[in-house]
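Coordinates as given in my_file-v2.cif (mmCIF, C-alpha atoms):
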```
data_start
loop_
_atom_site.label_atom_id
_atom_site.label_comp_id
_atom_site.auth_asym_id
_atom_site.auth_seq_id
_atom_site.Cartn_x
_atom_site.Cartn_y
_atom_site.Cartn_z
CA MET A 694 205.00 -220.46 240.04
CA ASN A 695 202.43 -222.72 241.65
CA ALA A 696 199.33 -223.87 239.79
CA GLN A 697 196.64 -221.20 239.71
CA GLU A 698 192.97 -221.51 238.79
CA LEU A 699 191.43 -218.75 236.69
CA ILE A 700 187.77 -218.07 235.93
CA ALA A 701 186.81 -216.85 232.45
CA PRO A 702 183.22 -215.51 232.47
CA ALA A 703 181.12 -215.56 229.30
CA LYS A 704 179.78 -212.33 227.85
CA LEU A 705 176.29 -211.61 226.57
CA THR A 706 175.67 -208.93 223.95
CA LEU A 707 172.36 -207.30 224.88
CA SER A 708 172.28 -204.99 221.87
CA LEU A 709 174.47 -204.60 218.80
CA ARG A 710 174.28 -201.85 216.23
CA ILE A 711 176.71 -201.60 213.33
CA THR A 712 177.58 -197.95 212.79
CA GLY A 713 180.10 -198.15 209.95
CA ARG A 714 182.96 -200.00 208.37
CA ARG A 715 186.65 -199.16 208.38
CA PRO A 716 188.73 -199.18 205.17
CA ASP A 717 190.36 -202.42 206.36
CA GLY A 718 186.96 -204.14 206.41
CA TYR A 719 186.39 -204.22 210.17
CA HIS A 720 182.92 -203.17 211.27
CA LEU A 721 182.32 -200.42 213.83
CA LEU A 722 179.94 -201.24 216.66
CA ASP A 723 177.78 -199.65 219.29
CA ALA A 724 176.91 -202.47 221.70
CA GLU A 725 175.96 -203.18 225.29
CA MET A 726 177.62 -206.23 226.83
CA VAL A 727 177.43 -207.91 230.22
CA THR A 728 179.41 -210.61 232.02
CA LEU A 729 177.63 -213.84 232.99
CA ASP A 730 178.10 -216.44 235.71
CA LEU A 731 178.61 -219.05 232.98
CA ALA A 732 182.39 -219.47 232.85
CA ASP A 733 185.32 -221.55 231.65
CA ARG A 734 188.00 -222.59 234.12
CA LEU A 735 191.72 -222.44 233.37
CA VAL A 736 194.49 -224.05 235.40
CA VAL A 737 197.83 -222.33 234.82
CA GLU A 738 201.06 -223.99 235.93
CA PRO A 739 204.76 -223.97 235.01
CA GLY A 740 205.68 -225.33 231.60
CA ASP A 741 204.35 -225.01 228.07
CA GLY A 742 201.37 -226.30 226.18
CA LEU A 743 197.59 -226.20 226.12
CA VAL A 744 195.11 -228.96 226.92
CA VAL A 745 191.40 -228.36 226.23
CA VAL A 746 188.92 -230.37 228.28
CA ASP A 747 185.19 -230.50 227.66
CA ALA A 748 183.82 -229.72 231.12
CA GLY A 749 180.53 -231.43 230.28
CA ALA A 750 182.01 -234.68 229.07
CA GLY A 751 185.18 -234.56 231.14
CA VAL A 752 187.35 -235.59 228.21
CA THR A 753 189.93 -233.86 226.08
CA ALA A 754 188.29 -232.19 223.10
CA ASP A 755 188.79 -234.12 219.87
CA PRO A 756 189.41 -231.75 216.92
CA GLY A 757 188.27 -234.51 214.60
CA GLY A 758 185.03 -235.18 216.46
CA SER A 759 181.85 -235.64 214.47
CA SER A 760 179.21 -234.62 217.01
CA GLY A 761 178.29 -231.43 215.12
CA ALA A 762 179.34 -229.24 218.03
CA VAL A 763 182.03 -226.64 217.41
CA GLN A 764 185.42 -227.97 218.51
CA VAL A 765 188.04 -225.87 220.30
CA PRO A 766 191.56 -226.01 218.85
CA ALA A 767 194.33 -226.78 221.30
CA GLY A 768 197.21 -225.59 219.12
CA GLY A 769 198.97 -222.28 218.58
CA ASP A 770 195.88 -220.72 216.99
CA ASN A 771 193.93 -220.95 220.24
CA LEU A 772 193.34 -217.55 221.82
CA VAL A 773 194.91 -218.72 225.09
CA ALA A 774 198.21 -219.39 223.34
CA ARG A 775 198.01 -216.07 221.51
CA ALA A 776 197.25 -214.22 224.78
CA LEU A 777 200.33 -215.74 226.38
CA ASP A 778 202.39 -214.53 223.42
CA LEU A 779 200.90 -211.03 223.63
CA ALA A 780 201.68 -210.80 227.35
CA GLY A 781 205.17 -212.26 226.87
CA ARG A 782 204.51 -215.13 229.28
CA ARG A 783 204.90 -218.90 229.23
CA ALA A 784 202.73 -221.44 231.01
CA ARG A 785 201.07 -224.81 230.70
CA VAL A 786 197.31 -224.24 230.59
CA THR A 787 194.51 -226.75 231.06
CA LEU A 788 191.30 -225.21 229.76
CA HIS A 789 188.05 -226.66 231.07
CA LYS A 790 185.35 -225.54 228.63
CA SER A 791 181.85 -224.76 229.84
CA ILE A 792 181.09 -221.89 227.44
CA PRO A 793 179.99 -223.48 224.15
CA ALA A 794 182.16 -222.56 221.18
CA GLY A 795 180.60 -220.76 218.22
CA ALA A 796 177.66 -219.66 220.38
CA GLY A 797 178.19 -215.89 220.41
CA LEU A 798 179.07 -215.93 224.11
CA GLY A 799 182.74 -214.96 223.77
CA GLY A 800 184.23 -218.17 225.11
CA GLY A 801 187.60 -217.88 223.38
CA SER A 802 187.78 -214.17 224.15
CA ALA A 803 186.97 -214.81 227.82
CA ASP A 804 189.76 -217.38 228.03
CA ALA A 805 192.25 -214.97 226.46
CA ALA A 806 191.16 -212.19 228.81
CA ALA A 807 191.62 -214.44 231.86
CA ILE A 808 195.19 -215.12 230.77
CA LEU A 809 195.85 -211.41 230.24
CA ARG A 810 194.49 -210.55 233.72
CA TRP A 811 196.68 -213.29 235.22
CA ALA A 812 199.68 -211.81 233.39
CA GLY A 813 198.89 -208.28 234.63
CA TYR A 814 198.17 -207.09 231.09
CA HIS A 815 195.39 -204.47 230.95
CA ASP A 816 195.77 -202.69 227.59
CA GLU A 817 192.30 -203.06 226.05
CA ARG A 818 193.23 -201.34 222.82
CA ARG A 819 196.02 -203.82 222.14
CA ALA A 820 194.06 -206.79 223.48
CA VAL A 821 191.50 -206.35 220.71
CA GLN A 822 194.08 -207.60 218.20
CA LEU A 823 193.35 -211.07 219.60
CA GLY A 824 189.63 -210.69 218.88
CA ALA A 825 186.90 -208.06 218.95
CA ASP A 826 185.44 -209.26 222.28
CA VAL A 827 188.70 -209.62 224.20
CA ALA A 828 188.79 -206.00 225.34
CA PHE A 829 185.32 -206.20 226.88
CA CYS A 830 186.07 -209.56 228.49
CA LEU A 831 189.21 -208.03 229.99
CA VAL A 832 187.12 -205.28 231.63
CA GLY A 833 183.88 -207.23 232.16
CA GLY A 834 180.85 -206.27 234.20
CA ARG A 835 178.53 -204.13 232.10
CA ALA A 836 179.78 -201.77 229.44
CA ARG A 837 179.06 -199.92 226.25
CA VAL A 838 181.44 -201.13 223.56
CA GLY A 839 182.44 -199.14 220.49
CA GLY A 840 184.97 -199.01 217.69
CA ILE A 841 185.77 -202.56 216.59
CA GLY A 842 185.55 -203.58 220.24
CA GLU A 843 188.51 -201.68 221.68
CA ILE A 844 186.45 -198.85 223.22
CA VAL A 845 184.99 -200.13 226.49
CA GLU A 846 183.02 -197.68 228.64
CA PRO A 847 181.96 -199.29 231.95
CA LEU A 848 178.33 -198.84 232.99
CA ALA A 849 176.68 -199.27 236.38
CA PHE A 850 176.24 -202.93 237.22
CA GLU A 851 172.69 -204.32 237.07
CA ARG A 852 171.73 -207.72 238.47
CA ARG A 853 169.69 -209.44 235.75
CA THR A 854 168.66 -212.98 234.89
CA PHE A 855 168.55 -214.44 231.38
CA THR A 856 167.70 -217.78 229.85
CA LEU A 857 170.01 -218.99 227.09
CA CYS A 858 169.18 -221.52 224.41
CA THR A 859 172.26 -222.67 222.49
CA PRO A 860 171.72 -225.16 219.64
CA PRO A 861 174.24 -227.93 218.91
CA PHE A 862 175.77 -225.92 216.06
CA GLY A 863 177.67 -222.68 215.91
CA CYS A 864 177.80 -219.65 213.64
CA SER A 865 180.90 -218.32 211.93
CA THR A 866 181.30 -214.69 212.96
CA ALA A 867 183.15 -213.86 209.74
CA ALA A 868 180.42 -215.47 207.62
CA VAL A 869 177.69 -213.57 209.48
CA TYR A 870 179.37 -210.18 209.01
CA ARG A 871 179.97 -211.01 205.34
CA ALA A 872 176.28 -211.87 204.93
CA TRP A 873 175.32 -208.61 206.65
CA ASP A 874 177.29 -206.71 204.02
CA GLU A 875 175.76 -208.78 201.20
CA LEU A 876 172.24 -208.12 202.53
CA GLY A 877 172.86 -204.38 202.38
CA GLY A 878 173.36 -203.78 206.09
CA PRO A 879 169.89 -204.49 207.55
CA ARG A 880 168.90 -203.07 210.92
CA GLY A 881 167.86 -205.63 213.49
CA PRO A 882 164.31 -205.20 214.80
CA ALA A 883 165.18 -206.77 218.17
CA GLY A 884 168.29 -204.68 218.79
CA ASN A 885 170.85 -206.89 217.03
CA ASP A 886 171.74 -205.83 213.50
CA LEU A 887 173.32 -209.23 212.80
CA GLU A 888 170.14 -211.26 213.30
CA ALA A 889 169.01 -211.36 209.66
CA ALA A 890 172.53 -212.18 208.50
CA ALA A 891 172.88 -215.01 211.02
CA LEU A 892 169.57 -216.48 209.86
CA ALA A 893 170.77 -216.30 206.28
CA VAL A 894 174.00 -218.11 207.16
CA GLU A 895 172.32 -220.70 209.40
CA PRO A 896 168.58 -221.08 208.65
CA ARG A 897 168.19 -223.66 211.45
CA LEU A 898 168.39 -220.75 213.89
CA ALA A 899 164.79 -219.80 213.06
CA GLY A 900 163.42 -223.02 214.50
CA VAL A 901 165.39 -222.58 217.73
CA ARG A 902 164.15 -218.99 218.06
CA ASP A 903 160.53 -219.91 217.42
CA ALA A 904 160.57 -222.78 219.91
CA LEU A 905 161.99 -220.53 222.64
CA ALA A 906 159.43 -217.83 221.85
CA GLU A 907 156.54 -220.30 222.02
CA ALA A 908 157.76 -221.74 225.32
CA THR A 909 158.32 -218.39 227.06
CA GLY A 910 155.92 -215.99 225.36
CA LEU A 911 158.84 -213.63 224.80
CA ARG A 912 160.65 -212.43 221.69
CA PRO A 913 164.14 -214.02 221.82
CA ARG A 914 167.21 -211.97 220.95
CA LEU A 915 170.31 -213.30 219.25
CA ALA A 916 173.57 -213.21 221.20
CA GLY A 917 176.13 -211.45 219.01
CA SER A 918 176.57 -213.29 215.73
CA GLY A 919 174.86 -216.40 217.16
CA SER A 920 174.09 -219.18 217.63
CA THR A 921 172.61 -218.56 221.12
CA TRP A 922 169.14 -217.06 221.59
CA PHE A 923 168.19 -215.50 224.92
CA VAL A 924 165.22 -214.05 226.77
CA GLU A 925 165.03 -212.14 230.03
CA GLY A 926 164.06 -213.99 233.17
CA ALA A 927 164.33 -217.57 234.39
CA HIS A 928 162.67 -220.16 232.15
CA PRO A 929 164.39 -223.43 233.04
CA ALA A 930 163.88 -226.46 230.83
CA PRO A 931 166.02 -229.11 229.13
CA GLY A 932 168.27 -227.50 226.54
CA ARG A 933 168.20 -224.11 228.25
CA ARG A 934 170.55 -222.47 230.74
CA VAL A 935 169.51 -219.84 233.30
CA VAL A 936 172.30 -217.34 233.97
CA GLN A 937 172.85 -214.14 235.92
CA THR A 938 174.95 -211.10 235.24
CA THR A 939 178.06 -210.65 237.36
CA PRO A 940 180.31 -207.69 238.22
CA SER A 941 183.65 -207.17 236.54
CA PRO A 942 186.12 -210.01 237.19
CA ARG A 943 188.66 -207.27 237.91
CA LEU A 944 186.74 -206.61 241.11
CA ALA A 945 186.64 -210.27 242.18
#
```

Any chance you could put this one into structure tokens?
Amino acid sequence: MNAQELIAPAKLTLSLRITGRRPDGYHLLDAEMVTLDLADRLVVEPGDGLVVVDAGAGVTADPGGSSGAVQVPAGGDNLVARALDLAGRRARVTLHKSIPAGAGLGGGSADAAAILRWAGYHDERRAVQLGADVAFCLVGGRARVGGIGEIVEPLAFERRTFTLCTPPFGCSTAAVYRAWDELGGPRGPAGNDLEAAALAVEPRLAGVRDALAEATGLRPRLAGSGSTWFVEGAHPAPGRRVVQTTPSPRLA
């Protein structure tokens, strides 16, 4: 096997409704997700092991760093390593991170899905055991997502532009869902039922939302469980990223 370069596109959750909860505690969703041109890059070559590189800084991620940004583990708990195990494959992977961790953009899930595509593994219902977003990231494009994430119904692709604003802190998905339960299951006025819960878990999100709203004149929406806020259209400025939707990576 020669070295191969894989692209792992981020996902953006345009709407997220929670429709129920299974006896095992997992929440049932009705969501619309799209693939973005923001992507991680993975280099796969013979051998074993995982190296995580911060694409912005060009250095290996330091799990003990104190910058406040969410760090990406490079050990066996990383979703890349778990995807290799699920597919029954071995490889040495160098992961160049561009998708911020803990931002609600599915970075870890996108990385796992890229490995599964490389391995020829296309079982969405089993892929979801790695994480709720892995099945969508495996299919990509634009889709309606149900169940706990394992039901992916492709929708017609639409070319759209969004502006993302990701603060230098992340949100714990588990903590946000737990807060949603504790708050009595509020419905999100902007199409994301997790918004109130995310604000309860991380109150600093309100300031980021309000600043983006004031700058653009638009009502920002929260990406998944946070911490990224987004608005439609191109509104470039420091601290923001303009992105476009892309077709399914399966069609690339």

Please report, as JSON, the centre and edge lengths in Å to one decimal of an axis-aligned box covering all listed atoms of range 695-698 of chain A with 5 Å per side.
```
{"center_x": 197.7, "center_y": -222.5, "center_z": 240.2, "size_x": 19.5, "size_y": 12.7, "size_z": 12.9}
```

Problem set entry | Selection result of the PyMOL selection byres ((chain A and resi 710) around 10) on this file, as a ChimeraX atom specification | /A:708-709,711-713,721-725,839,880-881,884-887

Problem set entry | Expansion of the PyMOL selection byres ((chain A and resi 925) around 12) into residues, as a ChimeraX atom specification | /A:705,707,852-858,905-906,909-914,922-924,926-929,934-938

With C-alpha atoms retained, write the just-selected residues as an mmCIF file, keeping the file's coordinate frame.
```
data_model
loop_
_atom_site.group_PDB
_atom_site.id
_atom_site.type_symbol
_atom_site.label_atom_id
_atom_site.label_comp_id
_atom_site.auth_asym_id
_atom_site.auth_seq_id
_atom_site.Cartn_x
_atom_site.Cartn_y
_atom_site.Cartn_z
ATOM 1 C CA LEU A 705 176.290 -211.610 226.570
ATOM 2 C CA LEU A 707 172.360 -207.300 224.880
ATOM 3 C CA ARG A 852 171.730 -207.720 238.470
ATOM 4 C CA ARG A 853 169.690 -209.440 235.750
ATOM 5 C CA THR A 854 168.660 -212.980 234.890
ATOM 6 C CA PHE A 855 168.550 -214.440 231.380
ATOM 7 C CA THR A 856 167.700 -217.780 229.850
ATOM 8 C CA LEU A 857 170.010 -218.990 227.090
ATOM 9 C CA CYS A 858 169.180 -221.520 224.410
ATOM 10 C CA LEU A 905 161.990 -220.530 222.640
ATOM 11 C CA ALA A 906 159.430 -217.830 221.850
ATOM 12 C CA THR A 909 158.320 -218.390 227.060
ATOM 13 C CA GLY A 910 155.920 -215.990 225.360
ATOM 14 C CA LEU A 911 158.840 -213.630 224.800
ATOM 15 C CA ARG A 912 160.650 -212.430 221.690
ATOM 16 C CA PRO A 913 164.140 -214.020 221.820
ATOM 17 C CA ARG A 914 167.210 -211.970 220.950
ATOM 18 C CA TRP A 922 169.140 -217.060 221.590
ATOM 19 C CA PHE A 923 168.190 -215.500 224.920
ATOM 20 C CA VAL A 924 165.220 -214.050 226.770
ATOM 21 C CA GLY A 926 164.060 -213.990 233.170
ATOM 22 C CA ALA A 927 164.330 -217.570 234.390
ATOM 23 C CA HIS A 928 162.670 -220.160 232.150
ATOM 24 C CA PRO A 929 164.390 -223.430 233.040
ATOM 25 C CA ARG A 934 170.550 -222.470 230.740
ATOM 26 C CA VAL A 935 169.510 -219.840 233.300
ATOM 27 C CA VAL A 936 172.300 -217.340 233.970
ATOM 28 C CA GLN A 937 172.850 -214.140 235.920
ATOM 29 C CA THR A 938 174.950 -211.100 235.240
#
```

Problem set entry | Sphere at (200.3, -222.0, 236.0), radius 10 Å, counting only C-alpha atoms: residues as a VMD selection string | chain A and resid 694 to 699 735 to 741 783 to 787 811

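Among A:Leu743, A:Cys830, A:Gly795, A:Glu846, the residue with the shortest atom-to-atom distance to Val869 in chain A, counting all atoms listed in the file, is A:Gly795.
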
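Distance-wise, CA of Gly919 in chain A and CA of Ala883 in chain A end up 13.7 Å apart.
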
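Coordinates place CA of Thr866 in chain A at a distance of 16.4 Å from CA of Ala703 in chain A.
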
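Checking A:Arg782, A:Arg835, A:Arg775, A:Arg818 one by one against Lys704 in chain A, counting only C-alpha atoms, you find the shortest gap at A:Arg835.
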
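Counting only C-alpha atoms and comparing A:Ile700, A:Ala803, A:Leu729, A:Ala812, the residue that lies closest to Asp778 in chain A is A:Ala812.
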
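The protein and nucleic acid residues lying at most 9 Å from Glu895 in chain A are A:Gly863, A:Cys864, A:Val869, A:Ala890, A:Ser920, with only C-alpha atoms considered and sequence neighbours fewer than 5 positions away removed.
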
Exercise. Can you list, as a PyMOL selection string, the residues that the PyMOL selection byres ((chain A and resi 792) around 7) selects here?
Worked result: chain A and resi 703+731-733+790-791+793-794+800

Generate a file of the selected residues that holds C-alpha atoms, formatted as a PDB file, keeping the file's coordinate frame.
```pdb
ATOM      1  CA  ALA A 703     181.120-215.560 229.300  1.00  0.00           C
ATOM      2  CA  LEU A 731     178.610-219.050 232.980  1.00  0.00           C
ATOM      3  CA  ALA A 732     182.390-219.470 232.850  1.00  0.00           C
ATOM      4  CA  ASP A 733     185.320-221.550 231.650  1.00  0.00           C
ATOM      5  CA  LYS A 790     185.350-225.540 228.630  1.00  0.00           C
ATOM      6  CA  SER A 791     181.850-224.760 229.840  1.00  0.00           C
ATOM      7  CA  PRO A 793     179.990-223.480 224.150  1.00  0.00           C
ATOM      8  CA  ALA A 794     182.160-222.560 221.180  1.00  0.00           C
ATOM      9  CA  GLY A 800     184.230-218.170 225.110  1.00  0.00           C
TER      10      GLY A 800
END
```

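Coordinates place CA of Thr921 in chain A at a distance of 22.2 Å from CA of Ala807 in chain A.
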
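Compared by their closest atoms to Leu823 in chain A, and using all atoms listed in the file, the residues A:Gly917, A:Gly801, A:Pro860, A:Gly840 rank with A:Gly801 nearest.
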
I want to know what sits within 12 Å of Leu848 in chain A, based on all atoms listed in the file, with residues of the same chain fewer than 3 positions away left out; could you give that as an mmCIF file with C-alpha atoms, in the coordinates of the input?
```cif
data_model
loop_
_atom_site.group_PDB
_atom_site.id
_atom_site.type_symbol
_atom_site.label_atom_id
_atom_site.label_comp_id
_atom_site.auth_asym_id
_atom_site.auth_seq_id
_atom_site.Cartn_x
_atom_site.Cartn_y
_atom_site.Cartn_z
ATOM 1 C CA ALA A 724 176.910 -202.470 221.700
ATOM 2 C CA GLU A 725 175.960 -203.180 225.290
ATOM 3 C CA MET A 726 177.620 -206.230 226.830
ATOM 4 C CA VAL A 727 177.430 -207.910 230.220
ATOM 5 C CA THR A 728 179.410 -210.610 232.020
ATOM 6 C CA PHE A 829 185.320 -206.200 226.880
ATOM 7 C CA VAL A 832 187.120 -205.280 231.630
ATOM 8 C CA GLY A 833 183.880 -207.230 232.160
ATOM 9 C CA GLY A 834 180.850 -206.270 234.200
ATOM 10 C CA ARG A 835 178.530 -204.130 232.100
ATOM 11 C CA ALA A 836 179.780 -201.770 229.440
ATOM 12 C CA ARG A 837 179.060 -199.920 226.250
ATOM 13 C CA VAL A 838 181.440 -201.130 223.560
ATOM 14 C CA VAL A 845 184.990 -200.130 226.490
ATOM 15 C CA GLU A 851 172.690 -204.320 237.070
ATOM 16 C CA PRO A 940 180.310 -207.690 238.220
ATOM 17 C CA SER A 941 183.650 -207.170 236.540
#
```

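Of the listed residues (A:Leu809, A:Ala904, A:Leu772, A:Ala796), A:Ala796 comes nearest to Pro861 in chain A; the distances count all atoms listed in the file.
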
For this session: Please return, as a ChimeraX atom specification, all polymer residues that have at least one atom within 12 Å of the point (177.5, -209.6, 204.8); use only C-alpha atoms and the file's own coordinate frame.
Result: /A:711,714,718-720,865-879,886-894,918

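Closest approach to Arg715 in chain A among A:Val901, A:Ile841, A:His789, A:Thr939: A:Ile841, based on all atoms listed in the file.
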